[in-house]
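In what follows, a structure is listed as structure tokens, so that the remarks can point back to it.
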Amino acid sequence: MSADLLNELVAVVGQSHVLTQGDLSAWELDWRKRWRGKALAVVRPGNTGEVAAVVRACAAHGVSLVPQGGNTGLVGGGVPDASGTQVLLSLARMNRIRELDRANLTLVAEAGCVLQAVQQAADDAGLLFPLSLAAEGSCTIGGNLATNAGGTQVLRYGNARALCLGLEVVTAAGDVWQGLSGLRKDNTGYDLRDLFIGSEGTLGVITAATLALHGKPAATMTAMASCATLAEGVTLLGLAQQRLGAGLTGFEAMNAFSLSLVARHMPQLRQPLPAAPWTVLLELSDNESEAHAREGFEGLLGDALERGTIGDAAIAESVAQSHTMWHLRESIPLAQAQEGLNIKHDIALPVSRIPAFCEATQGALERAVSGVRLVNFGHLGDGNLHYNVQAPAGIDAAVFLAEREHEINHIVYDAVAAHGGSISAEHGIGVLKRDELVQYKDATALGLMRSLKAALDPQGLMNPGRVVL
Ligand code: FAD
Ligand code: ZN
């Protein structure tokens, strides 16, 4: 049976795009090297018609499909399981920008376009595609939309969902839904676009998207400030929103331990401020000029210093200094990996409740694990923390992960629930949080999700075992 299917797939995409032998770890092993699967074949279609034909062939044989873009997802949703029975559908060859409409401020990109290439296409036209994350050199628009990715500009421009006006999707039956309209208003019934965004490949395959573009700011400037407490970081956020309005495009927070890991593992990176319990990174985008941006920052930070909200501050004097500040923030994931595996949580909370959440959860974790170390950093402006729990110094990280992950997840997620938060802010559910979703998601919502899955994918072949069971 699988030989028949493989022959049909070869007939659709060509022999060279059906891979079954050799080292397939680029597709079978996830970015964190936590999940290694085995694919029946890696299939690489070159256009939407081929994707539809592949889906139909798999459906006829009852074979399940795992869509994949850049394979940078962090929840194990984009690699096949270990059964050797799933087809890995790579969208990487579908990487054309089909169209750019300056007057409508839209761009149509195929799913396999790398995010950086989309940013570049917008930039070449004097416009901005603001979705931005550390994986932008490898992740794809299809993956960004399938996971409703966030990143560092959500505060001003919203997440991937807010930047998508239309989709082209191959359904589980192998039909093509042409929904690429670049309309900002369209009230013609249920919003199918929003259903596929964030569905992590479980409802259909995204093959192209119409993306919203923005005007480029005249100047972008970065600053850092130190705070004695996270509550003061939240106060600074309120002050910055009040004074800078829509000019505030980034607001990231990093605890002292996060930056100490960067100092230890990347000593060549200069840290502009002395160590403090919390360091905040602010980005200001100004539509007038650099001088106006600087005035905005000086006014804000001067005021915050006077009020005692911050202890110290530095405004980047050049583009290079600005990059250094962002580089520090973006180096935290790598620095923590070099320190050893840790237990990751990508959580969202109402900004107002973040200080109380952190105090309560840190207390509970310290009672459970003496000497526990918290790599607590993230997009404070969006109420999104990467709240990662590192083994105490001297304890083997892999053993810690194996023995304590379940218990620690409970402590963190119970506190998230108690503070009105979400167990996944931007990375999705995948396999990593599938079981926890059942515990922490509203039961009625889960029931509706299962009904939708059954209606759109009655054979259960689209990325099975991920998100909802
Ligand atoms: P993949 O990993 O290939 O797939 C992710 C999921 O989407 C899988 O479930 C897959 O089946 C599905 N999928 C992929 N393509 C399609 C398609 N065309 N149609 C249907 N389903 C599809 N995420 C954030 O939100 N914010 C961050 O700041 C951020 N920073 C990161 C930093 C690093 C260093 C890394 C490694 C990852 C980061 N991520 C972040 C996570 C990841 O980059 C994003 O989730 C990204 O959007 C995934 O894109 P991808 O193309 O690599 O998707
Ligand atoms: Zn993030």
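FYI, nothing fancy with the structure tokens labels: chains A, B, ... in order, residues from 1 per chain, ligands from 1 as they appear.
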
Could you name the residues that touch stretch 214-219 of chain A at 7 Å or less, counting only C-alpha atoms, but leaving out those on the same chain fewer than 4 positions away, as a CSV table (one decimal) with N, CA and C atoms, in the first residue's frame?
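Just written: part08.csv:
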chain,number,residue,atom,x,y,z
A,105,LEU,N,-1.6,48.3,0.5
A,105,LEU,CA,-0.7,47.9,1.6
A,105,LEU,C,-0.8,46.4,1.9
A,126,GLY,N,9.8,50.1,0.2
A,126,GLY,CA,9.7,51.3,1.1
A,126,GLY,C,8.6,51.1,2.1
A,127,LEU,N,8.2,49.8,2.4
A,127,LEU,CA,7.2,49.5,3.4
A,127,LEU,C,7.7,48.6,4.5
A,128,LEU,N,6.9,48.3,5.5
A,128,LEU,CA,7.3,47.5,6.6
A,128,LEU,C,6.4,46.3,6.8
A,129,PHE,N,7.0,45.1,6.9
A,129,PHE,CA,6.2,44.0,7.4
A,129,PHE,C,6.7,43.7,8.8
A,285,SER,N,9.5,53.9,17.7
A,285,SER,CA,9.5,54.1,16.3
A,285,SER,C,8.9,55.5,16.1
A,286,ASP,N,9.5,56.4,15.4
A,286,ASP,CA,9.0,57.7,15.3
A,286,ASP,C,8.8,58.1,13.8
A,287,ASN,N,7.6,58.7,13.6
A,287,ASN,CA,7.3,59.1,12.2
A,287,ASN,C,7.9,60.4,11.8
A,288,GLU,N,8.5,61.2,12.7
A,288,GLU,CA,9.1,62.4,12.3
A,288,GLU,C,10.6,62.3,12.0
A,289,SER,N,11.4,62.1,13.0
A,289,SER,CA,12.8,62.1,12.8
A,289,SER,C,13.6,61.5,14.0
A,290,GLU,N,14.8,61.3,13.8
A,290,GLU,CA,15.7,60.7,14.9
A,290,GLU,C,15.7,61.6,16.1
A,293,ALA,N,12.6,61.3,18.0
A,293,ALA,CA,12.6,60.0,18.8
A,293,ALA,C,13.5,60.2,20.1

Taking only residues of chain A that have an atom at most 7 Å from an atom of ligand 1, what is each one's shortest atom pair and its distance in Å to one decimal, using only C-alpha atoms and all ligand atoms, in chain and number order, as CSV?
residue,atom,partner,partner_atom_place_in_ligand_line,distance
A:Trp31,CA,ligand 1,36 (C),6.1
A:Val66,CA,ligand 1,11 (O),5.3
A:Pro67,CA,ligand 1,11 (O),4.2
A:Gln68,CA,ligand 1,3 (O),3.8
A:Gly69,CA,ligand 1,3 (O),3.5
A:Gly70,CA,ligand 1,52 (O),3.4
A:Asn71,CA,ligand 1,2 (O),3.3
A:Thr72,CA,ligand 1,52 (O),3.6
A:Gly73,CA,ligand 1,2 (O),3.4
A:Leu74,CA,ligand 1,41 (C),5.4
A:Gly77,CA,ligand 1,9 (O),3.7
A:Gly78,CA,ligand 1,8 (C),3.6
A:Leu91,CA,ligand 1,18 (N),5.9
A:Ala111,CA,ligand 1,18 (N),5.0
A:Gly112,CA,ligand 1,18 (N),6.8
A:Leu133,CA,ligand 1,28 (O),4.4
A:Ala134,CA,ligand 1,32 (C),4.3
A:Ala135,CA,ligand 1,33 (C),4.3
A:Ser138,CA,ligand 1,52 (O),6.4
A:Cys139,CA,ligand 1,52 (O),3.7
A:Thr140,CA,ligand 1,51 (O),3.6
A:Ile141,CA,ligand 1,51 (O),6.2
A:Gly142,CA,ligand 1,18 (N),3.8
A:Gly143,CA,ligand 1,53 (O),3.5
A:Asn144,CA,ligand 1,47 (O),3.2
A:Leu145,CA,ligand 1,47 (O),6.7
A:Ala146,CA,ligand 1,7 (O),4.6
A:Thr147,CA,ligand 1,7 (O),5.4
A:Asn148,CA,ligand 1,25 (O),6.7
A:Ala149,CA,ligand 1,25 (O),3.3
A:Gly150,CA,ligand 1,25 (O),3.8
A:Gly151,CA,ligand 1,28 (O),3.5
A:Thr152,CA,ligand 1,28 (O),6.2
A:Glu200,CA,ligand 1,9 (O),3.9
A:Gly201,CA,ligand 1,21 (N),3.3
A:Gly204,CA,ligand 1,20 (C),6.0
A:Val205,CA,ligand 1,19 (N),3.8
A:Ile206,CA,ligand 1,19 (N),3.8
A:Thr207,CA,ligand 1,18 (N),5.5
A:Pro333,CA,ligand 1,34 (C),6.7
A:Glu426,CA,ligand 1,25 (O),4.2
A:His427,CA,ligand 1,25 (O),5.0
A:Gly430,CA,ligand 1,9 (O),5.9
A:Asn463,CA,ligand 1,11 (O),6.4

Selection as number ranges by chain: residues within 12 Å of ligand 2 by only C-alpha atoms and all ligand atoms
A: 73-74, 131-135, 148-154, 159, 250-254, 329-333, 344-348, 376-388, 424-428

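Coordinates place atom CA of A:Ala59 at a distance of 14.1 Å from atom CA of A:Thr202.
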
Going by DSSP on the backbone, which residues of stretch 357-411 of chain A come out as alpha helix (DSSP H)? List them as an mmCIF file with N, CA, C and O atoms, in the first residue's frame.
data_model
loop_
_atom_site.group_PDB
_atom_site.id
_atom_site.type_symbol
_atom_site.label_atom_id
_atom_site.label_comp_id
_atom_site.auth_asym_id
_atom_site.auth_seq_id
_atom_site.Cartn_x
_atom_site.Cartn_y
_atom_site.Cartn_z
ATOM 1 N N PHE A 357 1.877 37.448 40.097
ATOM 2 C CA PHE A 357 2.113 36.082 39.607
ATOM 3 C C PHE A 357 3.565 35.677 39.879
ATOM 4 O O PHE A 357 3.843 34.581 40.371
ATOM 5 N N CYS A 358 4.504 36.560 39.527
ATOM 6 C CA CYS A 358 5.932 36.204 39.669
ATOM 7 C C CYS A 358 6.298 35.983 41.128
ATOM 8 O O CYS A 358 7.031 35.047 41.453
ATOM 9 N N GLU A 359 5.768 36.826 42.001
ATOM 10 C CA GLU A 359 6.099 36.677 43.414
ATOM 11 C C GLU A 359 5.554 35.348 43.957
ATOM 12 O O GLU A 359 6.286 34.585 44.591
ATOM 13 N N ALA A 360 4.302 35.071 43.645
ATOM 14 C CA ALA A 360 3.679 33.845 44.166
ATOM 15 C C ALA A 360 4.353 32.600 43.593
ATOM 16 O O ALA A 360 4.643 31.637 44.304
ATOM 17 N N THR A 361 4.646 32.627 42.297
ATOM 18 C CA THR A 361 5.165 31.418 41.647
ATOM 19 C C THR A 361 6.611 31.165 42.064
ATOM 20 O O THR A 361 7.008 30.017 42.291
ATOM 21 N N GLN A 362 7.394 32.241 42.167
ATOM 22 C CA GLN A 362 8.781 32.059 42.612
ATOM 23 C C GLN A 362 8.804 31.435 44.010
ATOM 24 O O GLN A 362 9.574 30.503 44.274
ATOM 25 N N GLY A 363 7.931 31.918 44.877
ATOM 26 C CA GLY A 363 7.843 31.371 46.241
ATOM 27 C C GLY A 363 7.517 29.882 46.204
ATOM 28 O O GLY A 363 8.173 29.069 46.858
ATOM 29 N N ALA A 364 6.513 29.530 45.406
ATOM 30 C CA ALA A 364 6.082 28.125 45.336
ATOM 31 C C ALA A 364 7.196 27.245 44.770
ATOM 32 O O ALA A 364 7.434 26.129 45.250
ATOM 33 N N LEU A 365 7.922 27.751 43.763
ATOM 34 C CA LEU A 365 9.000 26.949 43.164
ATOM 35 C C LEU A 365 10.159 26.785 44.138
ATOM 36 O O LEU A 365 10.758 25.707 44.234
ATOM 37 N N GLU A 366 10.464 27.853 44.871
ATOM 38 C CA GLU A 366 11.577 27.753 45.830
ATOM 39 C C GLU A 366 11.258 26.769 46.950
ATOM 40 O O GLU A 366 12.141 26.068 47.448
ATOM 41 N N ARG A 367 9.989 26.723 47.311
ATOM 42 C CA ARG A 367 9.604 25.732 48.347
ATOM 43 C C ARG A 367 9.734 24.310 47.802
ATOM 44 O O ARG A 367 10.106 23.390 48.511
ATOM 45 N N ALA A 368 9.462 24.150 46.503
ATOM 46 C CA ALA A 368 9.503 22.797 45.912
ATOM 47 C C ALA A 368 10.930 22.369 45.575
ATOM 48 O O ALA A 368 11.284 21.200 45.698
ATOM 49 N N ALA A 397 21.128 18.794 34.465
ATOM 50 C CA ALA A 397 19.943 19.413 33.865
ATOM 51 C C ALA A 397 18.995 18.370 33.275
ATOM 52 O O ALA A 397 17.773 18.476 33.423
ATOM 53 N N ALA A 398 19.543 17.345 32.628
ATOM 54 C CA ALA A 398 18.686 16.343 31.977
ATOM 55 C C ALA A 398 17.919 15.539 33.028
ATOM 56 O O ALA A 398 16.730 15.241 32.853
ATOM 57 N N VAL A 399 18.587 15.210 34.115
ATOM 58 C CA VAL A 399 17.922 14.460 35.191
ATOM 59 C C VAL A 399 16.817 15.322 35.801
ATOM 60 O O VAL A 399 15.689 14.870 36.048
ATOM 61 N N PHE A 400 17.152 16.597 36.024
ATOM 62 C CA PHE A 400 16.175 17.530 36.598
ATOM 63 C C PHE A 400 14.924 17.588 35.720
ATOM 64 O O PHE A 400 13.794 17.488 36.207
ATOM 65 N N LEU A 401 15.154 17.712 34.412
ATOM 66 C CA LEU A 401 14.033 17.799 33.463
ATOM 67 C C LEU A 401 13.181 16.525 33.529
ATOM 68 O O LEU A 401 11.956 16.586 33.620
ATOM 69 N N ALA A 402 13.863 15.380 33.484
ATOM 70 C CA ALA A 402 13.128 14.110 33.460
ATOM 71 C C ALA A 402 12.329 13.913 34.741
ATOM 72 O O ALA A 402 11.194 13.449 34.710
ATOM 73 N N GLU A 403 12.928 14.299 35.876
ATOM 74 C CA GLU A 403 12.274 13.977 37.161
ATOM 75 C C GLU A 403 11.263 15.024 37.605
ATOM 76 O O GLU A 403 10.285 14.695 38.272
ATOM 77 N N ARG A 404 11.496 16.283 37.250
ATOM 78 C CA ARG A 404 10.680 17.330 37.879
ATOM 79 C C ARG A 404 9.746 18.088 36.937
ATOM 80 O O ARG A 404 8.988 18.932 37.384
ATOM 81 N N GLU A 405 9.838 17.818 35.624
ATOM 82 C CA GLU A 405 9.092 18.661 34.680
ATOM 83 C C GLU A 405 7.583 18.684 34.991
ATOM 84 O O GLU A 405 6.959 19.745 35.022
ATOM 85 N N HIS A 406 7.028 17.516 35.223
ATOM 86 C CA HIS A 406 5.587 17.419 35.411
ATOM 87 C C HIS A 406 5.134 18.255 36.612
ATOM 88 O O HIS A 406 4.218 19.072 36.530
ATOM 89 N N GLU A 407 5.857 18.040 37.714
ATOM 90 C CA GLU A 407 5.509 18.740 38.956
ATOM 91 C C GLU A 407 5.663 20.266 38.788
ATOM 92 O O GLU A 407 4.798 21.044 39.208
ATOM 93 N N ILE A 408 6.758 20.665 38.131
ATOM 94 C CA ILE A 408 7.013 22.105 37.979
ATOM 95 C C ILE A 408 5.991 22.735 37.037
ATOM 96 O O ILE A 408 5.494 23.840 37.279
ATOM 97 N N ASN A 409 5.627 22.027 35.978
ATOM 98 C CA ASN A 409 4.585 22.541 35.086
ATOM 99 C C ASN A 409 3.300 22.803 35.866
ATOM 100 O O ASN A 409 2.633 23.812 35.651
ATOM 101 N N HIS A 410 2.980 21.893 36.761
ATOM 102 C CA HIS A 410 1.753 22.071 37.541
ATOM 103 C C HIS A 410 1.805 23.317 38.394
ATOM 104 O O HIS A 410 0.838 24.077 38.462
ATOM 105 N N ILE A 411 2.951 23.505 39.054
ATOM 106 C CA ILE A 411 3.072 24.688 39.930
ATOM 107 C C ILE A 411 2.882 25.948 39.091
ATOM 108 O O ILE A 411 2.119 26.846 39.433
#

List the spatial neighbours of A:Leu374 as a VMD selection string - criterion: any atom at most 7 Å away, only C-alpha atoms, same-chain residues fewer than 3 positions off excluded.
chain A and resid 257 388 to 390

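Going from atom CA of A:Arg161 to atom CA of A:Ile197 covers 6.4 Å.
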
Taking the DSSP secondary structure from the backbone, can you list the residues of stretch 59-263 of chain A that are strand (DSSP E), as a ChimeraX atom specification?
/A:65-68,86-90,97-101,106-110,127-128,164-171,176-179,204-212,214-215,219-227,248-255

Using only C-alpha atoms, pick whichever of A:Thr106, A:Thr309, A:Gln120, A:Gln15 has the shortest atom-to-atom distance to A:Leu239.
A:Thr309

Computed interatomic separation between atom CA of A:Leu230 and atom CA of A:His292 (Å)
28.6 Å

If we count only C-alpha atoms and set the cut-off at 10 Å, which residues sit around A:Leu6, ignoring sequence neighbours fewer than 2 positions away in its own chain? Please answer as a compact mmCIF listing (two decimals) with all heavy atoms, in the first residue's frame.
# COMPACT_ATOMS: atom_id res chain seq x y z
N MET A 1 0.82 -1.20 0.00
CA MET A 1 0.00 0.00 0.00
C MET A 1 0.86 1.26 0.00
O MET A 1 0.67 2.17 -0.78
CB MET A 1 -0.93 0.00 1.22
CG MET A 1 -1.88 1.19 1.22
SD MET A 1 -2.45 1.59 2.88
CE MET A 1 -1.04 2.47 3.54
N SER A 2 1.88 1.27 0.92
CA SER A 2 2.69 2.49 0.98
C SER A 2 3.52 2.64 -0.29
O SER A 2 3.81 3.77 -0.71
CB SER A 2 3.56 2.52 2.23
OG SER A 2 4.62 1.61 2.11
N ALA A 3 3.84 1.49 -0.96
CA ALA A 3 4.57 1.60 -2.24
C ALA A 3 3.69 2.28 -3.28
O ALA A 3 4.15 3.13 -4.06
CB ALA A 3 5.00 0.22 -2.72
N ASP A 4 2.39 1.93 -3.29
CA ASP A 4 1.46 2.59 -4.22
C ASP A 4 1.41 4.09 -3.96
O ASP A 4 1.47 4.90 -4.88
CB ASP A 4 0.03 2.05 -4.04
CG ASP A 4 -0.09 0.63 -4.59
OD1 ASP A 4 0.87 0.20 -5.27
OD2 ASP A 4 -1.11 -0.02 -4.31
N GLU A 8 2.43 7.28 -6.36
CA GLU A 8 1.52 8.38 -6.68
C GLU A 8 2.14 9.73 -6.32
O GLU A 8 2.01 10.71 -7.05
CB GLU A 8 0.18 8.22 -5.93
CG GLU A 8 -0.68 7.09 -6.48
CD GLU A 8 -1.89 6.80 -5.60
OE1 GLU A 8 -2.50 7.74 -5.07
OE2 GLU A 8 -2.21 5.60 -5.44
N LEU A 9 2.83 9.77 -5.18
CA LEU A 9 3.46 11.03 -4.76
C LEU A 9 4.57 11.42 -5.74
O LEU A 9 4.71 12.60 -6.10
CB LEU A 9 4.02 10.90 -3.33
CG LEU A 9 2.96 10.67 -2.24
CD1 LEU A 9 3.62 10.43 -0.88
CD2 LEU A 9 2.01 11.86 -2.15
N VAL A 10 5.33 10.43 -6.19
CA VAL A 10 6.38 10.70 -7.18
C VAL A 10 5.76 11.25 -8.46
O VAL A 10 6.26 12.20 -9.07
CB VAL A 10 7.21 9.42 -7.47
CG1 VAL A 10 8.08 9.60 -8.71
CG2 VAL A 10 8.08 9.07 -6.26
N ALA A 11 4.61 10.69 -8.84
CA ALA A 11 3.95 11.16 -10.05
C ALA A 11 3.51 12.62 -9.91
O ALA A 11 3.50 13.38 -10.88
CB ALA A 11 2.74 10.27 -10.37
N VAL A 12 3.20 13.02 -8.68
CA VAL A 12 2.72 14.41 -8.46
C VAL A 12 3.89 15.39 -8.40
O VAL A 12 3.87 16.43 -9.08
CB VAL A 12 1.91 14.50 -7.14
CG1 VAL A 12 1.56 15.97 -6.82
CG2 VAL A 12 0.64 13.67 -7.21
N GLN A 15 10.37 12.54 -8.69
CA GLN A 15 11.20 11.65 -7.87
C GLN A 15 12.09 12.41 -6.89
O GLN A 15 12.24 12.02 -5.72
CB GLN A 15 12.08 10.80 -8.81
CG GLN A 15 12.92 9.74 -8.13
CD GLN A 15 12.06 8.54 -7.72
OE1 GLN A 15 11.47 7.88 -8.56
NE2 GLN A 15 11.98 8.30 -6.41
N VAL A 18 10.50 13.44 -3.43
CA VAL A 18 9.96 12.45 -2.48
C VAL A 18 11.17 11.78 -1.85
O VAL A 18 11.83 10.94 -2.47
CB VAL A 18 9.06 11.41 -3.19
CG1 VAL A 18 8.53 10.38 -2.17
CG2 VAL A 18 7.88 12.10 -3.87
N LEU A 19 11.49 12.16 -0.62
CA LEU A 19 12.71 11.65 0.02
C LEU A 19 12.34 10.57 1.03
O LEU A 19 11.47 10.75 1.88
CB LEU A 19 13.43 12.79 0.75
CG LEU A 19 13.57 14.12 0.00
CD1 LEU A 19 14.27 15.15 0.87
CD2 LEU A 19 14.34 13.92 -1.30
N THR A 20 13.02 9.43 0.89
CA THR A 20 12.74 8.33 1.82
C THR A 20 14.03 7.78 2.43
O THR A 20 13.98 7.00 3.37
CB THR A 20 12.03 7.15 1.10
OG1 THR A 20 12.81 6.79 -0.04
CG2 THR A 20 10.63 7.52 0.66
N LEU A 40 7.35 8.44 6.73
CA LEU A 40 7.20 7.50 5.62
C LEU A 40 7.94 8.08 4.41
O LEU A 40 8.64 7.36 3.68
CB LEU A 40 5.70 7.32 5.30
CG LEU A 40 5.34 6.49 4.08
CD1 LEU A 40 5.74 5.04 4.30
CD2 LEU A 40 3.83 6.57 3.81
N ALA A 41 7.78 9.38 4.21
CA ALA A 41 8.51 10.10 3.17
C ALA A 41 8.46 11.59 3.47
O ALA A 41 7.52 12.06 4.12
CB ALA A 41 7.89 9.85 1.80
N VAL A 43 7.91 14.90 1.52
CA VAL A 43 7.39 15.28 0.20
C VAL A 43 7.45 16.80 0.07
O VAL A 43 7.04 17.52 0.99
CB VAL A 43 5.94 14.77 0.03
CG1 VAL A 43 5.40 15.16 -1.34
CG2 VAL A 43 5.91 13.26 0.20
N ALA A 57 -4.04 12.19 -2.39
CA ALA A 57 -3.43 10.85 -2.46
C ALA A 57 -3.31 10.26 -1.05
O ALA A 57 -3.64 9.08 -0.82
CB ALA A 57 -2.05 10.93 -3.13
N CYS A 58 -2.84 11.06 -0.10
CA CYS A 58 -2.70 10.56 1.27
C CYS A 58 -4.07 10.19 1.84
O CYS A 58 -4.22 9.16 2.50
CB CYS A 58 -2.02 11.60 2.16
SG CYS A 58 -0.26 11.78 1.78
N VAL A 87 3.39 11.15 6.37
CA VAL A 87 4.09 11.90 5.32
C VAL A 87 4.43 13.28 5.85
O VAL A 87 3.56 13.98 6.39
CB VAL A 87 3.21 12.00 4.06
CG1 VAL A 87 3.74 13.07 3.11
CG2 VAL A 87 3.16 10.65 3.35

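Closest to A:Gln242 among A:Arg294, A:Gln116, A:Val369, A:Leu300 is A:Leu300, based on only C-alpha atoms.
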
Name the closest residue to A:Lys453 among the candidates A:Gln336, A:Val467, A:Pro267, A:Pro277; distances are taken between atoms, counting only C-alpha atoms.
A:Val467

Which neighbours of A:Arg193 fall inside 9 Å, counting only C-alpha atoms, when residues of the same chain fewer than 6 positions from it are skipped, and could you give them as a ChimeraX atom specification?
/A:161,164-168,179

Got a sec: who's within 8 Å of A:Tyr157, counting only C-alpha atoms, leaving out chain neighbours fewer than 6 positions off, as a list in words?
Pro130, Leu131, Leu163 and Thr249 of chain A
